[in-house]
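Below you'll find the structure, written out as structure tokens, and then a few comments.
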Amino acid sequence: MPDFDQIRQQFPILQQTENGQPLVYLDNGATSQKPLKVIETIERYYRVQNANVHRGVYGLSERATELYEGAREKVRGFLNAKSTKEIVFVRGVTEAVNLVAQSWARTFLKAGDEVLITEMEHHSNIVPWQLLREQIGIRLRVLPMNDKGEVCLGAMADMVNEHTKLVSVTHMSNALGTINDVKRMCEIAHSVGAKFMADGAQATAHLKVDVQDIDCDFYALSGHKMYGPTGIGVLYAKEELLEAMPPYQGGGDMIYSVTFDSTEFNVLPYKFEAGTPNIAGGIGLGAAVDFLQELGMDKVAAYEDELLHYATNQLKQIEGLRIIGEAERKGGVISFIIDDIHPHDMATLMDQDGICVRASHHCAMPVMQHFKVPSTVRASFGVYNNFDDIDRLIASIEESKEMLL
Ligand code: C6P
């Protein structure tokens, strides 16, 4: 087991105070903090390695290209994709879902075809499908969840049919922590000939993900939630799908040749990467992947599971506290409300104790509608959190509650 207390030393931001108190960062669902390995990799790139990629014949540009493409190979290994042709760099999950909607779905789906999502999706896996519905008349269907925040696979099997063309599901819910059985859901989607996409925004920092084992057609991740920089993410897609899909955006780098009459597109994955990419972001994401691989995803998951159980047991002792999301399989996310206290008031007072939690609808308004709450307070864990952080979280909740009731 890695020394998770020692890991904390690798995060400079955690050494500082907030409102005079040692910082307790529990908003990893929104974005994670960055280890020295990532910070220094990005700094080194801008200090001594900066050049545009795929263009220059001079050494500096060739080395930048090698670093950038090396990062793509690291992500390939992390997801266990077959080929780097299947790893498309994008801005994040939001862009990945929009890419699939506007390139694959807009081309291959027609009016009346069905896209199935779940009731626990983030807005970025809802709105792109609503936009597509406006554009081509698809039908958007929603698999309901129960009051624990779980979807029923039997109900899913009943909902898919010959009209279902895509099932798109969050691997781990940001608002509830629920971990969906994406492998089984993928099998159900495939049983009716539909494609399957998983939103890995929350999952990739916490769980081992193997896209070949899941057999998903598309998988999306955001670098900034897995200890990497903002503005970089990945769309994994099976090679044959990417081959068949038209480009999402046009511009430099995604072409092989251009005349005013026509354009021949570049090979995969560059066909989907128009313009100068986020080079520093890609290289930084590669460093984040190294960071996680060195820890070992199984060990990360086991450690965060301990934190989750410890925190859940403590929170349940607090009178009036209701946990929103009690699925059997959960990652390190706890959403809660306390009596009539507004989550924003609670989180604002907790900030005075140096504790960062999110109070919001978490960009998952339908989840709030299901549980009939406007928002929740959410504590979400990362590898640098420890039992002391949780004790401080609990103490701060107790104090804030006293003041607000
Ligand atoms: N959730 C949260 O605080 P982007 O913004 O593209 O990196 O990720 C979007 C996204 C998609 N799916 C899920 C399940 C997510 O959790 C997120 C981002 C953040 O929960 C910001 S709203």
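FYI, nothing fancy with the structure tokens labels: chains A, B, ... in order, residues from 1 per chain, ligands from 1 as they appear.
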Discussion item. I'd like the contact shell of Ile13 of chain A - 10 Å cut-off, only C-alpha atoms, skipping same-chain residues fewer than 5 positions apart - returned as number ranges by chain.
Written reply: A: 8, 23, 25, 33-36
Discussion item. I want to know what sits within 9 Å of segment 339-342 of chain A, based on only C-alpha atoms, with residues of the same chain fewer than 6 positions away left out; could you give that as a ChimeraX atom specification?
Written reply: /A:319-322,359,374-377,401,404-405
Worksheet item: What's the 9 Å shell around Asn80 of chain A, counting only C-alpha atoms, without same-chain residues fewer than 3 positions away, as a PyMOL selection string?
Response: chain A and resi 75-77+83+209-213
Could those selected residues go to a file with all heavy atoms, as a JSON list (two decimals), in the first residue's frame?
```
[["chain", "number", "residue", "atom", "x", "y", "z"],
["A", 75, "VAL", "N", -1.93, 7.60, -21.99],
["A", 75, "VAL", "CA", -3.38, 7.51, -21.79],
["A", 75, "VAL", "C", -3.90, 6.20, -22.38],
["A", 75, "VAL", "O", -4.76, 5.54, -21.79],
["A", 75, "VAL", "CB", -4.11, 8.72, -22.42],
["A", 75, "VAL", "CG1", -5.62, 8.56, -22.30],
["A", 75, "VAL", "CG2", -3.67, 10.02, -21.76],
["A", 76, "ARG", "N", -3.36, 5.82, -23.52],
["A", 76, "ARG", "CA", -3.79, 4.55, -24.14],
["A", 76, "ARG", "C", -3.58, 3.41, -23.14],
["A", 76, "ARG", "O", -4.46, 2.58, -22.91],
["A", 76, "ARG", "CB", -3.00, 4.28, -25.44],
["A", 76, "ARG", "CG", -3.48, 3.03, -26.16],
["A", 76, "ARG", "CD", -2.39, 2.35, -26.98],
["A", 76, "ARG", "NE", -1.27, 1.87, -26.17],
["A", 76, "ARG", "CZ", -1.31, 0.82, -25.35],
["A", 76, "ARG", "NH1", -2.42, 0.10, -25.24],
["A", 76, "ARG", "NH2", -0.26, 0.48, -24.62],
["A", 77, "GLY", "N", -2.37, 3.38, -22.55],
["A", 77, "GLY", "CA", -2.07, 2.31, -21.58],
["A", 77, "GLY", "C", -2.99, 2.38, -20.37],
["A", 77, "GLY", "O", -3.47, 1.35, -19.88],
["A", 83, "SER", "N", -5.17, 1.00, -29.45],
["A", 83, "SER", "CA", -4.27, 1.79, -30.28],
["A", 83, "SER", "C", -4.38, 3.27, -29.92],
["A", 83, "SER", "O", -5.44, 3.74, -29.49],
["A", 83, "SER", "CB", -4.68, 1.57, -31.74],
["A", 83, "SER", "OG", -4.29, 2.64, -32.55],
["A", 209, "VAL", "N", -9.98, 1.63, -15.03],
["A", 209, "VAL", "CA", -10.87, 1.60, -16.20],
["A", 209, "VAL", "C", -10.17, 0.85, -17.33],
["A", 209, "VAL", "O", -9.03, 1.16, -17.67],
["A", 209, "VAL", "CB", -11.21, 3.04, -16.67],
["A", 209, "VAL", "CG1", -12.03, 3.00, -17.96],
["A", 209, "VAL", "CG2", -11.97, 3.80, -15.57],
["A", 210, "ASP", "N", -10.87, -0.13, -17.88],
["A", 210, "ASP", "CA", -10.32, -0.92, -18.98],
["A", 210, "ASP", "C", -11.37, -0.91, -20.10],
["A", 210, "ASP", "O", -12.38, -1.60, -20.01],
["A", 210, "ASP", "CB", -10.03, -2.34, -18.49],
["A", 210, "ASP", "CG", -9.41, -3.21, -19.56],
["A", 210, "ASP", "OD1", -9.70, -3.00, -20.77],
["A", 210, "ASP", "OD2", -8.66, -4.13, -19.21],
["A", 211, "VAL", "N", -11.12, -0.09, -21.12],
["A", 211, "VAL", "CA", -12.16, 0.08, -22.14],
["A", 211, "VAL", "C", -12.40, -1.21, -22.94],
["A", 211, "VAL", "O", -13.52, -1.43, -23.43],
["A", 211, "VAL", "CB", -11.86, 1.26, -23.10],
["A", 211, "VAL", "CG1", -12.01, 2.60, -22.38],
["A", 211, "VAL", "CG2", -10.49, 1.14, -23.75],
["A", 212, "GLN", "N", -11.36, -2.04, -23.03],
["A", 212, "GLN", "CA", -11.58, -3.30, -23.77],
["A", 212, "GLN", "C", -12.41, -4.27, -22.94],
["A", 212, "GLN", "O", -13.23, -5.01, -23.47],
["A", 212, "GLN", "CB", -10.25, -3.94, -24.14],
["A", 212, "GLN", "CG", -9.50, -3.14, -25.19],
["A", 212, "GLN", "CD", -8.33, -3.90, -25.75],
["A", 212, "GLN", "OE1", -8.51, -4.89, -26.46],
["A", 212, "GLN", "NE2", -7.12, -3.44, -25.44],
["A", 213, "ASP", "N", -12.18, -4.24, -21.64],
["A", 213, "ASP", "CA", -12.97, -5.12, -20.77],
["A", 213, "ASP", "C", -14.44, -4.67, -20.74],
["A", 213, "ASP", "O", -15.36, -5.49, -20.85],
["A", 213, "ASP", "CB", -12.37, -5.12, -19.36],
["A", 213, "ASP", "CG", -13.14, -6.03, -18.43],
["A", 213, "ASP", "OD1", -13.30, -7.21, -18.78],
["A", 213, "ASP", "OD2", -13.61, -5.55, -17.37]]
```
Item to complete: Have a look at A:Asn266, A:Thr164, A:Thr41, A:Thr312 and name the one nearest to Val192 of chain A; count only C-alpha atoms.
Response: A:Thr164
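Considering only C-alpha atoms and all ligand atoms, the residue among A:His370, A:Lys183, A:His171, A:Arg44 positioned nearest to ligand 1 is A:His171.
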Which residues of chain A come within 8 Å of ligand 1, and for each one, what is the closest pair of atoms and their distance in Å to one decimal, counting only C-alpha atoms and all ligand atoms, sorted by chain and residue number, as a Markdown table?
```
| residue | atom | partner | partner_atom_place_in_ligand_line | distance |
| --- | --- | --- | --- | --- |
| A:Asp27 | CA | ligand 1 | 3 (O) | 7.3 |
| A:Asn28 | CA | ligand 1 | 3 (O) | 7.7 |
| A:Gly29 | CA | ligand 1 | 3 (O) | 4.8 |
| A:Ala30 | CA | ligand 1 | 3 (O) | 3.2 |
| A:Thr31 | CA | ligand 1 | 3 (O) | 6.9 |
| A:Arg91 | CA | ligand 1 | 6 (O) | 7.0 |
| A:Gly92 | CA | ligand 1 | 6 (O) | 4.2 |
| A:Val93 | CA | ligand 1 | 6 (O) | 4.0 |
| A:Thr94 | CA | ligand 1 | 6 (O) | 3.7 |
| A:Glu95 | CA | ligand 1 | 6 (O) | 6.4 |
| A:Ala96 | CA | ligand 1 | 6 (O) | 7.9 |
| A:Glu121 | CA | ligand 1 | 14 (C) | 6.6 |
| A:His122 | CA | ligand 1 | 12 (N) | 5.0 |
| A:His123 | CA | ligand 1 | 11 (C) | 7.2 |
| A:Ser124 | CA | ligand 1 | 11 (C) | 5.4 |
| A:Asn125 | CA | ligand 1 | 12 (N) | 6.8 |
| A:Thr170 | CA | ligand 1 | 14 (C) | 5.7 |
| A:His171 | CA | ligand 1 | 14 (C) | 7.5 |
| A:Met172 | CA | ligand 1 | 14 (C) | 6.4 |
| A:Ser173 | CA | ligand 1 | 14 (C) | 5.3 |
| A:Asn174 | CA | ligand 1 | 16 (O) | 4.4 |
| A:Ala175 | CA | ligand 1 | 20 (O) | 6.5 |
| A:Asp199 | CA | ligand 1 | 12 (N) | 5.8 |
| A:Gly200 | CA | ligand 1 | 14 (C) | 6.8 |
| A:Ala201 | CA | ligand 1 | 13 (C) | 4.7 |
| A:Gln202 | CA | ligand 1 | 14 (C) | 5.4 |
| A:Leu221 | CA | ligand 1 | 7 (O) | 7.5 |
| A:Ser222 | CA | ligand 1 | 7 (O) | 4.8 |
| A:Gly223 | CA | ligand 1 | 7 (O) | 7.4 |
| A:His224 | CA | ligand 1 | 7 (O) | 6.8 |
| A:Lys225 | CA | ligand 1 | 7 (O) | 7.1 |
| A:Thr230 | CA | ligand 1 | 7 (O) | 7.6 |
| A:Gly231 | CA | ligand 1 | 7 (O) | 7.7 |
| A:Gly233 | CA | ligand 1 | 7 (O) | 7.4 |
| A:Arg358 | CA | ligand 1 | 3 (O) | 7.2 |
| A:His362 | CA | ligand 1 | 20 (O) | 5.1 |
| A:Cys363 | CA | ligand 1 | 22 (S) | 4.8 |
| A:Ala364 | CA | ligand 1 | 22 (S) | 7.8 |
```
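Each of A:Asp113, A:Glu399, A:Asp261, A:Glu119 was checked against Met365 of chain A using only C-alpha atoms; the smallest atom-to-atom distance is that of A:Glu119.
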Practice prompt. Using atom CA of Met185 of chain A and atom CA of Val167 of chain A as the two end points, give the distance in Å to one decimal.
Written response: 8.3 Å
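One finds atom CA of Ala81 of chain A at 29.9 Å from atom CA of Gly149 of chain A.
Omitting Asn146 of chain A and its sequence neighbours fewer than 4 positions away, and counting only C-alpha atoms, the residues within 12 Å are Thr118, Glu119, Met120, Glu150, Val151, Cys152, Leu153, Ala155, Leu176, Thr178, Ile324, Gly325, Glu326, Ala327, Glu328, Val367, His370 and Phe371 of chain A.
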Counting only C-alpha atoms, give me one row per residue of segment 58-139 of chain A with an atom at most 9 Å from an atom of segment 276-294 of chain A, showing the shortest contact pair and its distance in Å to one decimal, sorted by chain then residue number, as a Markdown table.
```
| residue | atom | partner | partner_atom | distance |
| --- | --- | --- | --- | --- |
| A:Ala64 | CA | A:Ile279 | CA | 8.0 |
| A:Thr65 | CA | A:Ile279 | CA | 8.6 |
| A:Leu67 | CA | A:Ile283 | CA | 6.3 |
| A:Tyr68 | CA | A:Ile283 | CA | 5.4 |
| A:Glu69 | CA | A:Ile283 | CA | 8.4 |
| A:Gly70 | CA | A:Gly286 | CA | 7.6 |
| A:Ala71 | CA | A:Gly286 | CA | 4.3 |
| A:Arg72 | CA | A:Gly286 | CA | 7.2 |
| A:Glu73 | CA | A:Gly286 | CA | 8.4 |
| A:Lys74 | CA | A:Gly286 | CA | 5.9 |
| A:Val75 | CA | A:Gly286 | CA | 6.7 |
| A:Phe78 | CA | A:Val289 | CA | 6.9 |
| A:Phe89 | CA | A:Gly282 | CA | 7.5 |
| A:Val90 | CA | A:Pro277 | CA | 8.5 |
| A:Arg91 | CA | A:Asn278 | CA | 8.2 |
```
For those residues, write C-alpha atoms to a file as a short mmCIF file (atom, residue, chain, number, x, y, z; two decimals), in the first residue's frame.
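As written to disk, part.cif reads:
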```
data_model
loop_
_atom_site.label_atom_id
_atom_site.label_comp_id
_atom_site.auth_asym_id
_atom_site.auth_seq_id
_atom_site.Cartn_x
_atom_site.Cartn_y
_atom_site.Cartn_z
CA ALA A 64 7.66 18.59 -28.24
CA THR A 65 5.85 16.23 -30.63
CA LEU A 67 6.38 14.38 -25.55
CA TYR A 68 2.83 15.08 -26.70
CA GLU A 69 2.50 11.77 -28.53
CA GLY A 70 4.17 10.04 -25.58
CA ALA A 71 1.36 11.38 -23.41
CA ARG A 72 -1.19 9.90 -25.80
CA GLU A 73 0.51 6.52 -25.43
CA LYS A 74 0.37 6.87 -21.63
CA VAL A 75 -3.38 7.51 -21.79
CA PHE A 78 -4.09 3.81 -18.71
CA PHE A 89 -7.41 14.74 -27.20
CA VAL A 90 -10.29 17.12 -26.43
CA ARG A 91 -10.93 19.80 -23.79
#
```
Discussion item. Please return, as a VMD selection string, all residues of segment 48-289 of chain A that DSSP assigns to strand (DSSP E) on the basis of the backbone.
Written reply: chain A and resid 87 to 90 114 to 118 139 to 143 164 to 170 195 to 199 218 to 222 233 to 237 255 to 258 263 to 265
Practice prompt. Do a neighbour search on Val357 of chain A at 12 Å with only C-alpha atoms, toss out local chain neighbours closer than 2 positions, and write the hits as a ChimeraX atom specification.
Written response: /A:23-31,333-336,343-355,359-360,362,376-381,389-390,393,396-397
Now that the selection is made, can you save its residues with N, CA and C atoms as a tab-separated table (two decimals), in the first residue's frame?
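Below is the file that was written, result35.tsv:
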```tsv
chain	number	residue	atom	x	y	z
A	23	LEU	N	-5.52	23.99	5.07
A	23	LEU	CA	-6.51	23.73	4.02
A	23	LEU	C	-6.95	22.26	4.01
A	24	VAL	N	-8.27	22.07	4.03
A	24	VAL	CA	-8.82	20.71	3.84
A	24	VAL	C	-9.61	20.76	2.53
A	25	TYR	N	-9.06	20.13	1.52
A	25	TYR	CA	-9.68	20.23	0.20
A	25	TYR	C	-10.54	18.99	-0.07
A	26	LEU	N	-11.84	19.22	-0.09
A	26	LEU	CA	-12.79	18.11	-0.29
A	26	LEU	C	-13.73	18.42	-1.46
A	27	ASP	N	-13.16	19.06	-2.49
A	27	ASP	CA	-13.97	19.34	-3.68
A	27	ASP	C	-13.32	18.72	-4.92
A	28	ASN	N	-12.89	17.50	-4.74
A	28	ASN	CA	-12.18	16.81	-5.83
A	28	ASN	C	-13.09	16.45	-6.99
A	29	GLY	N	-14.40	16.38	-6.72
A	29	GLY	CA	-15.35	16.13	-7.82
A	29	GLY	C	-15.36	17.29	-8.81
A	30	ALA	N	-15.12	18.50	-8.30
A	30	ALA	CA	-15.10	19.68	-9.18
A	30	ALA	C	-13.78	19.73	-9.94
A	31	THR	N	-12.70	19.65	-9.20
A	31	THR	CA	-11.37	19.51	-9.82
A	31	THR	C	-10.41	19.07	-8.73
A	333	VAL	N	-17.66	10.12	-2.90
A	333	VAL	CA	-18.47	11.33	-2.99
A	333	VAL	C	-19.61	11.20	-1.98
A	334	ILE	N	-19.77	12.21	-1.11
A	334	ILE	CA	-20.93	12.18	-0.21
A	334	ILE	C	-21.67	13.52	-0.33
A	335	SER	N	-22.93	13.42	-0.75
A	335	SER	CA	-23.81	14.58	-0.83
A	335	SER	C	-24.74	14.52	0.38
A	336	PHE	N	-25.00	15.67	0.96
A	336	PHE	CA	-25.92	15.63	2.11
A	336	PHE	C	-26.61	16.98	2.30
A	343	PRO	N	-27.67	24.62	1.83
A	343	PRO	CA	-26.29	24.13	1.60
A	343	PRO	C	-25.26	25.25	1.40
A	344	HIS	N	-25.67	26.35	0.75
A	344	HIS	CA	-24.71	27.43	0.52
A	344	HIS	C	-24.27	28.07	1.84
A	345	ASP	N	-25.22	28.22	2.78
A	345	ASP	CA	-24.87	28.80	4.08
A	345	ASP	C	-23.89	27.87	4.80
A	346	MET	N	-24.18	26.59	4.73
A	346	MET	CA	-23.33	25.60	5.41
A	346	MET	C	-21.91	25.64	4.83
A	347	ALA	N	-21.81	25.63	3.50
A	347	ALA	CA	-20.48	25.59	2.87
A	347	ALA	C	-19.72	26.89	3.10
A	348	THR	N	-20.45	28.01	3.19
A	348	THR	CA	-19.78	29.30	3.43
A	348	THR	C	-19.17	29.32	4.82
A	349	LEU	N	-19.91	28.80	5.80
A	349	LEU	CA	-19.35	28.75	7.15
A	349	LEU	C	-18.18	27.77	7.24
A	350	MET	N	-18.29	26.67	6.51
A	350	MET	CA	-17.21	25.67	6.53
A	350	MET	C	-15.92	26.24	5.94
A	351	ASP	N	-16.09	27.13	4.99
A	351	ASP	CA	-14.92	27.78	4.38
A	351	ASP	C	-14.13	28.54	5.45
A	352	GLN	N	-14.83	29.10	6.43
A	352	GLN	CA	-14.14	29.81	7.53
A	352	GLN	C	-13.23	28.86	8.30
A	353	ASP	N	-13.55	27.58	8.27
A	353	ASP	CA	-12.71	26.58	8.95
A	353	ASP	C	-11.66	26.01	8.00
A	354	GLY	N	-11.54	26.60	6.83
A	354	GLY	CA	-10.51	26.12	5.89
A	354	GLY	C	-10.93	24.90	5.11
A	355	ILE	N	-12.26	24.64	5.08
A	355	ILE	CA	-12.73	23.40	4.44
A	355	ILE	C	-13.45	23.72	3.13
A	359	ALA	N	-21.29	23.37	-2.64
A	359	ALA	CA	-22.73	23.44	-2.35
A	359	ALA	C	-23.40	23.88	-3.62
A	360	SER	N	-24.21	23.00	-4.21
A	360	SER	CA	-24.71	23.30	-5.55
A	360	SER	C	-25.67	22.20	-5.98
A	362	HIS	N	-24.69	20.74	-8.57
A	362	HIS	CA	-23.61	19.92	-9.15
A	362	HIS	C	-23.79	19.66	-10.64
A	376	THR	N	-27.20	20.34	-2.71
A	376	THR	CA	-26.66	19.59	-1.56
A	376	THR	C	-25.28	20.14	-1.23
A	377	VAL	N	-24.80	19.79	-0.05
A	377	VAL	CA	-23.38	19.99	0.25
A	377	VAL	C	-22.70	18.70	-0.20
A	378	ARG	N	-21.56	18.84	-0.87
A	378	ARG	CA	-20.89	17.63	-1.35
A	378	ARG	C	-19.42	17.63	-0.92
A	379	ALA	N	-19.04	16.55	-0.25
A	379	ALA	CA	-17.62	16.34	0.06
A	379	ALA	C	-17.14	15.23	-0.88
A	380	SER	N	-16.08	15.49	-1.61
A	380	SER	CA	-15.58	14.46	-2.54
A	380	SER	C	-14.09	14.29	-2.30
A	381	PHE	N	-13.66	13.03	-2.25
A	381	PHE	CA	-12.30	12.71	-1.77
A	381	PHE	C	-11.30	12.49	-2.90
A	389	ASP	N	-8.70	14.88	7.88
A	389	ASP	CA	-9.55	15.78	7.08
A	389	ASP	C	-11.02	15.51	7.39
A	390	ILE	N	-11.35	14.23	7.50
A	390	ILE	CA	-12.75	13.88	7.74
A	390	ILE	C	-13.18	14.31	9.15
A	393	LEU	N	-13.84	17.87	8.90
A	393	LEU	CA	-15.11	18.07	8.18
A	393	LEU	C	-16.28	17.92	9.14
A	396	SER	N	-16.51	20.72	11.70
A	396	SER	CA	-16.98	21.96	11.07
A	396	SER	C	-18.48	21.91	10.79
A	397	ILE	N	-18.95	20.75	10.37
A	397	ILE	CA	-20.40	20.62	10.13
A	397	ILE	C	-21.17	20.83	11.44
```
Worksheet entry | Between atom CA of Leu241 of chain A and atom CA of Met159 of chain A - distance in Å to one decimal | 24.4 Å
Practice prompt. Just list the residues in segment 100-349 of chain A DSSP gives alpha helix (DSSP H) on the backbone, as an MDAnalysis selection string.
Written response: chainID A and resid 106:108 127:136 153:159 182:191 211:214 239:244 279:295 297:316 343:349
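Residue nearest Arg106 of chain A, chosen from A:Ser262, A:Gln135, A:Thr84, A:Gln6 and counting only C-alpha atoms: A:Gln135.
Among the candidates A:Leu131, A:Ile179, A:Tyr248, A:Pro229, the residue lying nearest to Ile42 of chain A is A:Pro229 (atoms considered: only C-alpha atoms).
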Item to complete: Find the spatial neighbours of Asn50 of chain A, counting only C-alpha atoms, within a cut-off of 8 Å - ignore same-chain residues fewer than 5 positions away - and output them as a PyMOL selection string.
Response: chain A and resi 45+60-61+64
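Of the listed residues A:Met254, A:Lys82, A:Gly20, A:Gly193, the one whose atoms come nearest to Val267 of chain A is A:Met254, with distances taken using only C-alpha atoms.
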